[in-house]
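Novice: So here's protein39.csv, just CSV, C-alpha atoms:
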chain,number,residue,atom,x,y,z
L,1,MET,CA,98.9,138.0,95.7
L,2,GLU,CA,96.2,135.4,95.8
L,3,LYS,CA,93.5,135.9,93.3
L,4,LYS,CA,90.1,136.6,94.7
L,5,ASP,CA,88.4,133.7,92.9
L,6,VAL,CA,91.1,131.2,94.1
L,7,PRO,CA,90.8,130.2,97.7
L,8,VAL,CA,93.9,130.0,99.8
L,9,LEU,CA,95.4,126.5,100.2
L,10,TRP,CA,98.7,127.0,101.9
L,11,THR,CA,97.7,128.1,105.4
L,12,LYS,CA,100.0,127.8,108.4
L,13,SER,CA,97.9,125.0,109.9
L,14,PHE,CA,97.8,123.0,106.6
L,15,ILE,CA,101.6,123.3,106.3
L,16,LEU,CA,102.0,122.2,109.9
L,17,LEU,CA,99.6,119.3,109.5
L,18,ILE,CA,101.6,118.0,106.4
L,19,ILE,CA,104.9,118.3,108.2
L,20,GLY,CA,103.6,116.7,111.4
L,21,ASN,CA,102.0,113.9,109.4
L,22,LEU,CA,105.2,113.3,107.6
L,23,PHE,CA,107.2,112.8,110.8
L,24,LEU,CA,104.3,110.7,112.2
L,25,PHE,CA,104.5,108.4,109.1
L,26,MET,CA,108.3,108.2,109.2
L,27,SER,CA,108.2,107.3,112.9
L,28,PHE,CA,105.7,104.6,112.2
L,29,MET,CA,107.2,103.3,108.9
L,30,MET,CA,110.7,102.9,110.4
L,31,LEU,CA,109.3,100.1,112.5
L,32,MET,CA,107.3,98.3,109.8
L,33,PRO,CA,110.0,96.2,108.1
L,34,THR,CA,111.8,95.4,111.4
L,35,MET,CA,108.8,94.1,113.4
L,36,PRO,CA,108.9,90.5,111.9
L,37,PRO,CA,112.6,90.0,112.4
L,38,GLN,CA,112.3,91.4,116.0
L,39,ALA,CA,109.5,89.0,116.7
L,40,LYS,CA,111.6,86.2,115.4
L,41,ALA,CA,114.4,87.3,117.7
L,42,LEU,CA,112.0,87.0,120.6
L,43,GLY,CA,111.3,83.4,119.7
L,44,ALA,CA,108.2,83.8,117.6
L,45,SER,CA,106.8,80.9,115.6
L,46,ASP,CA,105.9,81.3,111.9
L,47,LEU,CA,102.3,81.8,112.9
L,48,GLN,CA,103.2,84.5,115.4
L,49,ILE,CA,105.3,86.3,112.9
L,50,GLY,CA,102.3,86.4,110.6
L,51,LEU,CA,100.2,87.8,113.4
L,52,VAL,CA,102.6,90.7,113.8
L,53,THR,CA,101.1,92.2,110.6
L,54,SER,CA,97.6,90.7,110.6
L,55,LEU,CA,96.8,91.7,114.3
L,56,PHE,CA,97.8,95.3,113.5
L,57,ALA,CA,95.7,95.5,110.4
L,58,VAL,CA,92.6,94.0,112.1
L,59,ALA,CA,92.9,96.5,115.0
L,60,ALA,CA,93.2,99.4,112.6
L,61,ILE,CA,90.2,98.4,110.5
L,62,PHE,CA,88.1,97.6,113.6
L,63,VAL,CA,88.7,101.0,115.3
L,64,ARG,CA,88.1,103.3,112.4
L,65,PRO,CA,84.3,103.1,112.5
L,66,PHE,CA,84.4,104.3,116.1
L,67,VAL,CA,86.7,107.1,115.2
L,68,GLY,CA,84.5,108.2,112.3
L,69,PHE,CA,81.5,108.3,114.7
L,70,VAL,CA,83.5,110.4,117.3
L,71,LEU,CA,84.5,112.8,114.5
L,72,GLU,CA,80.8,113.6,113.8
L,73,SER,CA,80.5,115.5,117.1
L,74,ASN,CA,84.0,116.3,118.5
L,75,SER,CA,86.6,119.0,118.2
L,76,ARG,CA,89.6,118.0,116.0
L,77,LYS,CA,92.6,119.5,117.9
L,78,TRP,CA,92.6,117.1,120.9
L,79,LEU,CA,92.0,114.1,118.7
L,80,VAL,CA,95.0,115.0,116.5
L,81,VAL,CA,97.4,115.5,119.4
L,82,VAL,CA,96.2,112.6,121.6
L,83,GLY,CA,96.5,110.2,118.7
L,84,ALA,CA,100.2,111.3,118.1
L,85,VAL,CA,100.9,111.0,121.9
L,86,VAL,CA,99.5,107.5,122.2
L,87,LEU,CA,101.5,106.4,119.1
L,88,LEU,CA,104.7,107.7,120.8
L,89,ILE,CA,103.9,105.9,124.1
L,90,LEU,CA,103.4,102.6,122.2
L,91,THR,CA,106.5,103.1,120.2
L,92,ILE,CA,108.6,103.5,123.4
L,93,SER,CA,106.8,100.5,125.0
L,94,TYR,CA,108.3,98.1,122.4
L,95,SER,CA,111.6,98.6,124.3
L,96,PHE,CA,110.1,96.7,127.3
L,97,THR,CA,108.5,93.8,125.4
L,98,TYR,CA,110.8,90.8,126.0
L,99,MET,CA,108.1,88.1,125.5
L,100,ILE,CA,106.4,87.4,122.2
L,101,LEU,CA,102.9,87.5,123.7
L,102,LEU,CA,103.5,90.9,125.2
L,103,PHE,CA,105.0,92.1,121.9
L,104,LEU,CA,101.9,90.9,120.0
L,105,ALA,CA,99.6,92.6,122.5
L,106,VAL,CA,101.5,95.9,122.0
L,107,ARG,CA,101.3,95.4,118.3
L,108,PHE,CA,97.5,95.0,118.5
L,109,ILE,CA,97.0,98.1,120.5
L,110,HIS,CA,99.4,100.0,118.2
L,111,GLY,CA,97.0,99.1,115.3
L,112,PHE,CA,94.2,100.7,117.2
L,113,ALA,CA,96.2,103.9,117.7
L,114,TRP,CA,97.3,104.0,114.1
L,115,GLY,CA,93.7,103.6,112.9
L,116,VAL,CA,92.7,106.5,115.1
L,117,SER,CA,95.6,108.8,114.0
L,118,THR,CA,95.4,108.2,110.2
L,119,THR,CA,91.6,108.7,110.2
L,120,VAL,CA,91.7,111.9,112.2
L,121,ASN,CA,94.6,113.5,110.4
L,122,GLY,CA,93.2,112.6,107.0
L,123,THR,CA,89.8,114.1,107.9
L,124,VAL,CA,91.4,117.3,109.3
L,125,ALA,CA,93.4,117.7,106.1
L,126,VAL,CA,90.2,117.7,104.0
L,127,GLU,CA,88.6,120.2,106.3
L,128,LEU,CA,91.6,122.6,106.0
L,129,VAL,CA,91.5,122.4,102.2
L,130,PRO,CA,89.0,124.7,100.3
L,131,SER,CA,86.4,122.6,98.5
L,132,LYS,CA,87.4,124.0,95.1
L,133,ARG,CA,90.9,122.7,95.6
L,134,ILE,CA,90.3,119.4,97.3
L,135,GLY,CA,92.1,117.3,94.7
L,136,GLU,CA,95.2,119.5,94.9
L,137,GLY,CA,95.1,119.8,98.7
L,138,VAL,CA,94.6,116.1,99.4
L,139,GLY,CA,97.4,115.4,96.8
L,140,TYR,CA,99.9,117.5,98.7
L,141,PHE,CA,98.8,116.0,102.0
L,142,GLY,CA,99.3,112.6,100.5
L,143,LEU,CA,102.9,113.4,99.8
L,144,SER,CA,103.5,113.2,103.6
L,145,VAL,CA,102.3,109.7,103.4
L,146,THR,CA,104.2,108.7,100.2
L,147,ILE,CA,107.5,110.1,101.3
L,148,GLY,CA,107.2,108.6,104.8
L,149,MET,CA,106.4,105.2,103.3
L,150,ILE,CA,109.3,105.3,100.9
L,151,VAL,CA,112.1,106.9,102.9
L,152,ALA,CA,111.5,105.6,106.5
L,153,PRO,CA,111.7,101.8,105.9
L,154,SER,CA,115.2,102.0,104.5
L,155,VAL,CA,116.3,104.2,107.5
L,156,GLY,CA,114.7,101.7,109.9
L,157,ILE,CA,116.4,98.7,108.4
L,158,PHE,CA,119.8,100.5,108.5
L,159,LEU,CA,119.4,101.4,112.2
L,160,TYR,CA,118.1,97.9,113.1
L,161,GLN,CA,120.9,96.0,111.3
L,162,ASN,CA,123.8,98.3,112.3
L,163,PHE,CA,122.8,99.6,115.8
L,164,GLY,CA,120.1,97.3,117.1
L,165,PHE,CA,116.4,97.5,118.1
L,166,GLN,CA,116.8,99.9,121.0
L,167,THR,CA,118.5,102.5,118.8
L,168,LEU,CA,115.8,102.1,116.2
L,169,ILE,CA,113.1,102.8,118.9
L,170,ILE,CA,115.0,105.9,120.0
L,171,GLY,CA,115.1,107.2,116.4
L,172,SER,CA,111.4,106.4,115.9
L,173,ALA,CA,110.4,108.1,119.2
L,174,THR,CA,112.4,111.2,118.3
L,175,LEU,CA,110.5,111.6,115.1
L,176,GLY,CA,107.3,110.9,117.0
L,177,MET,CA,108.0,113.8,119.4
L,178,ILE,CA,108.7,116.2,116.6
L,179,ALA,CA,105.4,115.2,115.1
L,180,ILE,CA,103.5,115.9,118.3
L,181,VAL,CA,105.0,119.4,118.7
L,182,THR,CA,104.4,120.3,115.0
L,183,LEU,CA,100.8,119.0,115.1
L,184,ALA,CA,100.0,120.8,118.4
L,185,LEU,CA,101.0,124.1,116.8
L,186,GLY,CA,98.2,123.9,114.2
L,187,LYS,CA,94.7,125.3,114.4
L,188,TYR,CA,92.1,122.8,113.0
L,189,HIS,CA,88.7,123.8,111.8
L,190,THR,CA,85.7,121.9,113.2
L,191,PRO,CA,82.7,122.1,110.8
L,192,LYS,CA,79.7,124.0,112.1
L,193,SER,CA,77.5,120.9,111.6
L,194,VAL,CA,79.9,119.0,113.9
L,195,GLN,CA,80.0,121.7,116.5
L,196,GLU,CA,76.2,121.7,116.7
L,197,LYS,CA,75.9,118.0,117.2
L,198,THR,CA,76.0,116.5,120.7
L,199,PHE,CA,78.0,113.3,121.3
L,200,ASN,CA,75.7,110.4,122.1
L,201,PRO,CA,77.2,106.9,122.3
L,202,LYS,CA,73.7,105.3,122.1
L,203,GLU,CA,73.5,106.5,118.5
L,204,PHE,CA,76.5,104.5,117.5
L,205,SER,CA,76.1,101.7,115.0
L,206,PHE,CA,79.2,99.8,113.9
L,207,ILE,CA,77.8,99.0,110.4
L,208,SER,CA,76.7,102.6,109.8
L,209,ALA,CA,80.1,104.0,111.0
L,210,LEU,CA,82.0,101.4,109.0
L,211,PHE,CA,80.2,102.2,105.8
L,212,ASP,CA,79.3,105.5,104.2
L,213,LYS,CA,76.7,104.8,101.6
L,214,ASP,CA,77.6,107.9,99.5
L,215,SER,CA,81.2,106.9,99.2
L,216,TRP,CA,81.0,103.1,98.7
L,217,PHE,CA,81.8,103.1,95.0
L,218,PRO,CA,85.2,104.8,95.1
L,219,ALA,CA,86.0,102.8,98.3
L,220,VAL,CA,85.6,99.6,96.2
L,221,VAL,CA,87.8,101.0,93.5
L,222,THR,CA,90.4,101.7,96.2
L,223,ILE,CA,90.3,98.1,97.4
L,224,LEU,CA,91.0,96.9,93.8
L,225,SER,CA,93.8,99.4,93.3
L,226,THR,CA,95.6,98.5,96.6
L,227,PHE,CA,95.1,94.8,95.8
L,228,GLY,CA,97.1,95.4,92.7
L,229,TYR,CA,99.7,97.5,94.5
L,230,GLY,CA,100.0,94.7,97.1
L,231,ALA,CA,102.0,92.7,94.6
L,232,ILE,CA,104.7,95.4,94.7
L,233,VAL,CA,104.7,95.7,98.5
L,234,THR,CA,104.9,91.9,99.0
L,235,PHE,CA,107.3,90.7,96.3
L,236,ILE,CA,109.5,93.5,95.0
L,237,VAL,CA,112.5,92.7,97.2
L,238,ILE,CA,112.3,89.0,96.5
L,239,PHE,CA,111.8,89.8,92.8
L,240,GLY,CA,115.1,91.8,92.8
L,241,GLU,CA,116.9,88.9,94.4
L,242,GLU,CA,115.5,86.4,91.8
L,243,ARG,CA,116.5,88.7,88.9
L,244,GLY,CA,119.9,89.5,90.4
L,245,ILE,CA,119.2,93.3,90.8
L,246,ASP,CA,120.9,94.5,94.0
L,247,GLN,CA,119.8,98.2,93.8
L,248,ILE,CA,116.1,97.5,94.3
L,249,PHE,CA,115.8,100.7,96.4
L,250,LEU,CA,116.2,102.6,93.1
L,251,TYR,CA,112.7,101.4,92.2
L,252,TYR,CA,111.2,103.2,95.3
L,253,PHE,CA,113.4,106.2,94.7
L,254,SER,CA,112.3,106.7,91.1
L,255,ASN,CA,108.7,106.0,92.1
L,256,ALA,CA,108.9,108.7,94.8
L,257,ILE,CA,110.4,111.3,92.4
L,258,MET,CA,107.7,110.8,89.8
L,259,ALA,CA,104.9,110.7,92.3
L,260,THR,CA,106.2,114.0,93.7
L,261,ILE,CA,106.5,115.6,90.3
L,262,ALA,CA,103.0,114.4,89.2
L,263,ARG,CA,101.1,115.3,92.4
L,264,PRO,CA,100.5,119.1,91.7
L,265,ILE,CA,99.4,118.3,88.1
L,266,SER,CA,97.1,115.5,89.1
L,267,GLY,CA,95.6,117.6,92.0
L,268,LYS,CA,94.6,120.5,89.7
L,269,TRP,CA,93.4,118.0,87.1
L,270,PHE,CA,91.0,116.5,89.7
L,271,ASP,CA,89.7,119.9,90.7
L,272,SER,CA,89.0,121.0,87.1
L,273,LYS,CA,87.8,117.8,85.5
L,274,GLY,CA,86.8,115.5,88.3
L,275,PRO,CA,88.2,112.0,89.2
L,276,TRP,CA,87.2,109.9,86.2
L,277,SER,CA,89.7,110.9,83.4
L,278,LEU,CA,92.5,111.2,86.0
L,279,ILE,CA,92.0,107.8,87.4
L,280,VAL,CA,91.7,106.1,84.0
L,281,VAL,CA,95.0,107.7,82.9
L,282,CYS,CA,96.6,106.7,86.2
L,283,ALA,CA,95.4,103.2,85.9
L,284,VAL,CA,96.8,102.9,82.3
L,285,LEU,CA,100.2,104.2,83.5
L,286,THR,CA,100.1,101.8,86.5
L,287,ILE,CA,99.4,98.8,84.2
L,288,ALA,CA,102.3,99.8,81.9
L,289,GLY,CA,104.6,100.2,85.0
L,290,LEU,CA,103.7,96.6,86.2
L,291,TRP,CA,104.3,95.1,82.7
L,292,VAL,CA,107.6,96.9,82.3
L,293,LEU,CA,108.6,95.6,85.8
L,294,SER,CA,107.6,92.1,84.9
L,295,TYR,CA,110.2,92.1,82.0
L,296,THR,CA,112.9,93.9,84.1
L,297,TYR,CA,116.4,92.3,84.3
L,298,SER,CA,118.5,95.4,84.7
L,299,VAL,CA,118.8,98.5,86.8
L,300,GLY,CA,117.9,100.8,83.9
L,301,MET,CA,114.6,98.9,83.3
L,302,LEU,CA,114.0,98.9,87.0
L,303,ILE,CA,114.2,102.7,87.2
L,304,LEU,CA,112.0,103.1,84.1
L,305,ALA,CA,109.4,100.8,85.7
L,306,GLY,CA,109.5,102.9,88.9
L,307,PHE,CA,109.1,106.2,87.0
L,308,ILE,CA,106.0,104.9,85.0
L,309,PHE,CA,104.4,103.2,88.1
L,310,GLY,CA,105.1,106.3,90.2
L,311,ALA,CA,103.5,108.6,87.7
L,312,GLY,CA,100.4,106.4,87.7
L,313,TYR,CA,99.9,105.0,91.1
L,314,GLY,CA,101.5,107.9,92.9
L,315,SER,CA,98.6,110.1,91.7
L,316,MET,CA,95.9,107.5,91.9
L,317,LEU,CA,95.7,107.0,95.7
L,318,PRO,CA,95.2,110.7,96.6
L,319,ALA,CA,92.7,111.0,93.7
L,320,LEU,CA,90.8,108.1,95.2
L,321,GLN,CA,90.8,109.7,98.6
L,322,ALA,CA,89.6,113.0,97.2
L,323,TRP,CA,86.9,111.1,95.3
L,324,VAL,CA,85.7,109.3,98.4
L,325,LEU,CA,85.6,112.5,100.5
L,326,SER,CA,84.0,114.7,97.7
L,327,LYS,CA,80.9,112.4,97.8
L,328,THR,CA,80.1,112.7,101.5
L,329,LYS,CA,78.7,115.3,103.8
L,330,PRO,CA,81.0,117.3,106.0
L,331,GLU,CA,79.9,115.6,109.2
L,332,GLN,CA,80.4,112.2,107.6
L,333,ARG,CA,84.0,112.8,106.4
L,334,GLY,CA,85.4,111.0,109.4
L,335,ILE,CA,83.5,107.8,108.5
L,336,ALA,CA,84.3,108.2,104.8
L,337,ASN,CA,88.0,108.8,105.5
L,338,GLY,CA,88.1,105.7,107.9
L,339,MET,CA,86.5,103.6,105.1
L,340,TYR,CA,89.1,104.8,102.7
L,341,TYR,CA,92.0,103.8,104.9
L,342,SER,CA,90.4,100.5,105.8
L,343,SER,CA,90.0,99.9,102.0
L,344,ILE,CA,93.7,100.3,101.7
L,345,ASP,CA,94.4,97.9,104.6
L,346,LEU,CA,91.9,95.4,103.2
L,347,GLY,CA,93.2,95.5,99.6
L,348,ILE,CA,96.9,95.1,100.6
L,349,GLY,CA,96.0,92.4,103.2
L,350,LEU,CA,94.0,90.3,100.7
L,351,SER,CA,96.7,90.7,98.1
L,352,ALA,CA,99.4,89.4,100.3
L,353,ILE,CA,97.4,86.3,101.0
L,354,LEU,CA,95.9,85.5,97.6
L,355,LEU,CA,98.9,86.6,95.4
L,356,GLY,CA,101.1,84.7,97.9
L,357,VAL,CA,99.3,81.5,96.9
L,358,VAL,CA,99.5,82.4,93.2
L,359,SER,CA,103.3,83.0,93.5
L,360,SER,CA,103.9,79.4,94.5
L,361,TYR,CA,102.7,78.4,91.0
L,362,VAL,CA,104.1,81.1,88.7
L,363,GLU,CA,107.2,83.3,88.7
L,364,LEU,CA,107.0,86.8,90.1
L,365,GLY,CA,107.0,88.6,86.8
L,366,THR,CA,103.8,86.8,86.0
L,367,VAL,CA,102.3,87.8,89.4
L,368,PHE,CA,102.8,91.5,88.5
L,369,GLN,CA,101.1,90.9,85.1
L,370,ILE,CA,98.2,89.2,86.8
L,371,SER,CA,97.9,92.0,89.4
L,372,SER,CA,97.5,94.5,86.5
L,373,ILE,CA,94.1,93.0,85.9
L,374,CYS,CA,92.9,94.8,89.0
L,375,PHE,CA,93.6,98.1,87.3
L,376,VAL,CA,91.8,97.0,84.1
L,377,ILE,CA,88.7,96.5,86.4
L,378,VAL,CA,89.4,99.9,88.0
L,379,ILE,CA,89.2,101.5,84.5
L,380,MET,CA,85.9,99.8,83.7
L,381,MET,CA,84.3,100.7,87.0
L,382,THR,CA,85.4,104.3,86.7
L,383,MET,CA,83.9,104.6,83.2
L,384,ILE,CA,80.7,103.1,84.5
L,385,ASP,CA,80.5,105.7,87.2
L,386,TYR,CA,81.3,108.5,84.8
L,387,ARG,CA,78.5,107.5,82.4
L,388,LYS,CA,76.1,107.2,85.4
L,389,GLN,CA,77.0,110.7,86.7
L,390,LYS,CA,76.7,112.1,83.2
L,391,GLN,CA,73.2,110.7,82.9
L,392,VAL,CA,72.2,112.1,86.3
L,393,LYS,CA,73.4,115.6,85.3
L,394,LYS,CA,71.5,115.3,82.0
L,395,LYS,CA,68.3,114.5,83.9
L,396,GLN,CA,68.9,117.4,86.3
L,397,SER,CA,69.5,119.9,83.5
L,398,THR,CA,66.3,118.6,81.7
L,399,ALA,CA,64.3,118.9,84.8
L,400,THR,CA,65.5,122.5,85.4
L,401,VAL,CA,64.6,123.5,81.8
Go ahead and render the structure in this file as structure tokens.

Specialist:
Amino acid sequence: MEKKDVPVLWTKSFILLIIGNLFLFMSFMMLMPTMPPQAKALGASDLQIGLVTSLFAVAAIFVRPFVGFVLESNSRKWLVVVGAVVLLILTISYSFTYMILLFLAVRFIHGFAWGVSTTVNGTVAVELVPSKRIGEGVGYFGLSVTIGMIVAPSVGIFLYQNFGFQTLIIGSATLGMIAIVTLALGKYHTPKSVQEKTFNPKEFSFISALFDKDSWFPAVVTILSTFGYGAIVTFIVIFGEERGIDQIFLYYFSNAIMATIARPISGKWFDSKGPWSLIVVCAVLTIAGLWVLSYTYSVGMLILAGFIFGAGYGSMLPALQAWVLSKTKPEQRGIANGMYYSSIDLGIGLSAILLGVVSSYVELGTVFQISSICFVIVIMMTMIDYRKQKQVKKKQSTATV
């Protein structure tokens, strides 16, 4: 039985949202590593191949402020389902893109749809989670993202290389349809403050919807952490080739195992002690994981690096999301959530560009070491915020007395 003082977390709708979001992420992430080679097969230039990723990211970042504004005054259910349906339609449409310009156009629109869906689903997840268990709940929801990001790319590459692009699209669309059905079965709570507000497009301000003043600090910390993570995303496969390590997938596998094991612990830690000590510990583990990876020349060391990095970074991202959302008002969660996901896109995007330049001058092990500096700054910023919050509480307690 559930204790009276412990609010229920595992509701039917929350479980359906996690499962639906998992299939949605798997459907999407299957396509990610295959988009550049497919563009090349269509005759894309080097610049156009680069646009495959950048156009998508720009569209996702651009649309999120609009989604956040819409979430301030609209029911959640139709936004969740429509977002998944549009993603499915765009996935299928890749089958009919035989010209590179049309391919890039679909990719750009796909970015819009992805920005909508990730922002809406993340916001709904927070609204389904009791406030006293937000760290734990967001952590479990984040598993649907983590598992999707780790498992699906390998499946996508396998289908693309062995059965072709059309088979890949069929597989991705099948997962997308399962996601739609699962998400449609859930009941999603719309906060009272949102229900009472009337949608008025004239009130929209792009800057206000892009930026939530209450959550800017953890959003900046998120940019720094994802900038550091961008080194892994961009260079890990090339790094494995340079060091003669064929089983590079074991890094992702060990990363996923440790992230899954640590998630329940880190979620409860957040709820009981707040984000500060958790993020500091996670950052220390992430730094250690990056340095171990930089000295890796064997499969054993690769697995060890994956375990350490997974224990740290696997718990850090959901903690940052919970931190962002815990600082904002219920009706502003859509904006805050959009800002969080845009921070991830911005951090990884900048990392790919800047660390790509650095990698032309130093070897990749050194790039990982340099990227660890981002997490040192994360620790410093987190400690600054902790001291600031401690001073605020001290003043409040003094004023009360």

Novice: Distance atom CA of Leu17 of chain L-atom CA of Asp345 of chain L, one decimal place?

Specialist: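 Rounded to one decimal, the two atoms are 22.6 Å apart.
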
Novice: Could you tell me how far atom CA of Val81 of chain L sits from atom CA of Leu24 of chain L, in Å to one decimal place?

Specialist: 11.1 Å

Novice: Which residue gives the smallest distance to Gly356 of chain L among L:Met339, L:Ile232, L:Met381, L:Leu51, with all atoms listed in the file counted?

Specialist: L:Ile232

Novice: So how far away is atom CA of Leu302 of chain L from atom CA of Thr34 of chain L, in Å?

Specialist: 24.7 Å

Novice: I need the residue nearest Met380 of chain L from this list: L:Gln48, L:Ser13, L:Ser277, L:Ser75. Use only C-alpha atoms for the distance.

Specialist: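 Of all the options, L:Ser277 lies closest to Met380 of chain L.
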
Novice: Quick one: of L:Val85, L:Val145, L:Val357, L:Leu278, who's nearest to Ala173 of chain L, counting only C-alpha atoms?

Specialist: L:Val85

Novice: Got a sec: who's within 7 Å of Tyr252 of chain L, counting only C-alpha atoms, leaving out chain neighbours fewer than 3 positions off, as a list in words?

Specialist: Ile150, Phe249, Asn255, Ala256 and Gly306 of chain L

Novice: Tell me, as a ChimeraX atom specification, which residues lie within 10 Å of Gln166 of chain L, counting all atoms listed in the file; anything in the same chain fewer than 6 positions away does not count.

Specialist: /L:92,94-96,159-160,172

Novice: Using all atoms listed in the file, which residue out of L:Tyr295, L:Phe66, L:Tyr188, L:Trp78 lies closest to Phe14 of chain L?

Specialist: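 For Phe14 of chain L, the nearest of the given residues is L:Tyr188.
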
Novice: From the list L:Pro318, L:Gly156, L:Gly338, L:Gly43, which residue is nearest Met99 of chain L when using only C-alpha atoms?

Specialist: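 So, comparing all the options, the nearest one is L:Gly43.
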
Novice: So which one's closest to Phe235 of chain L, L:Leu320, L:Met29, L:Leu364, L:Ile178? Using all atoms listed in the file, please.

Specialist: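 That would be L:Leu364, the residue with the smallest distance to Phe235 of chain L.
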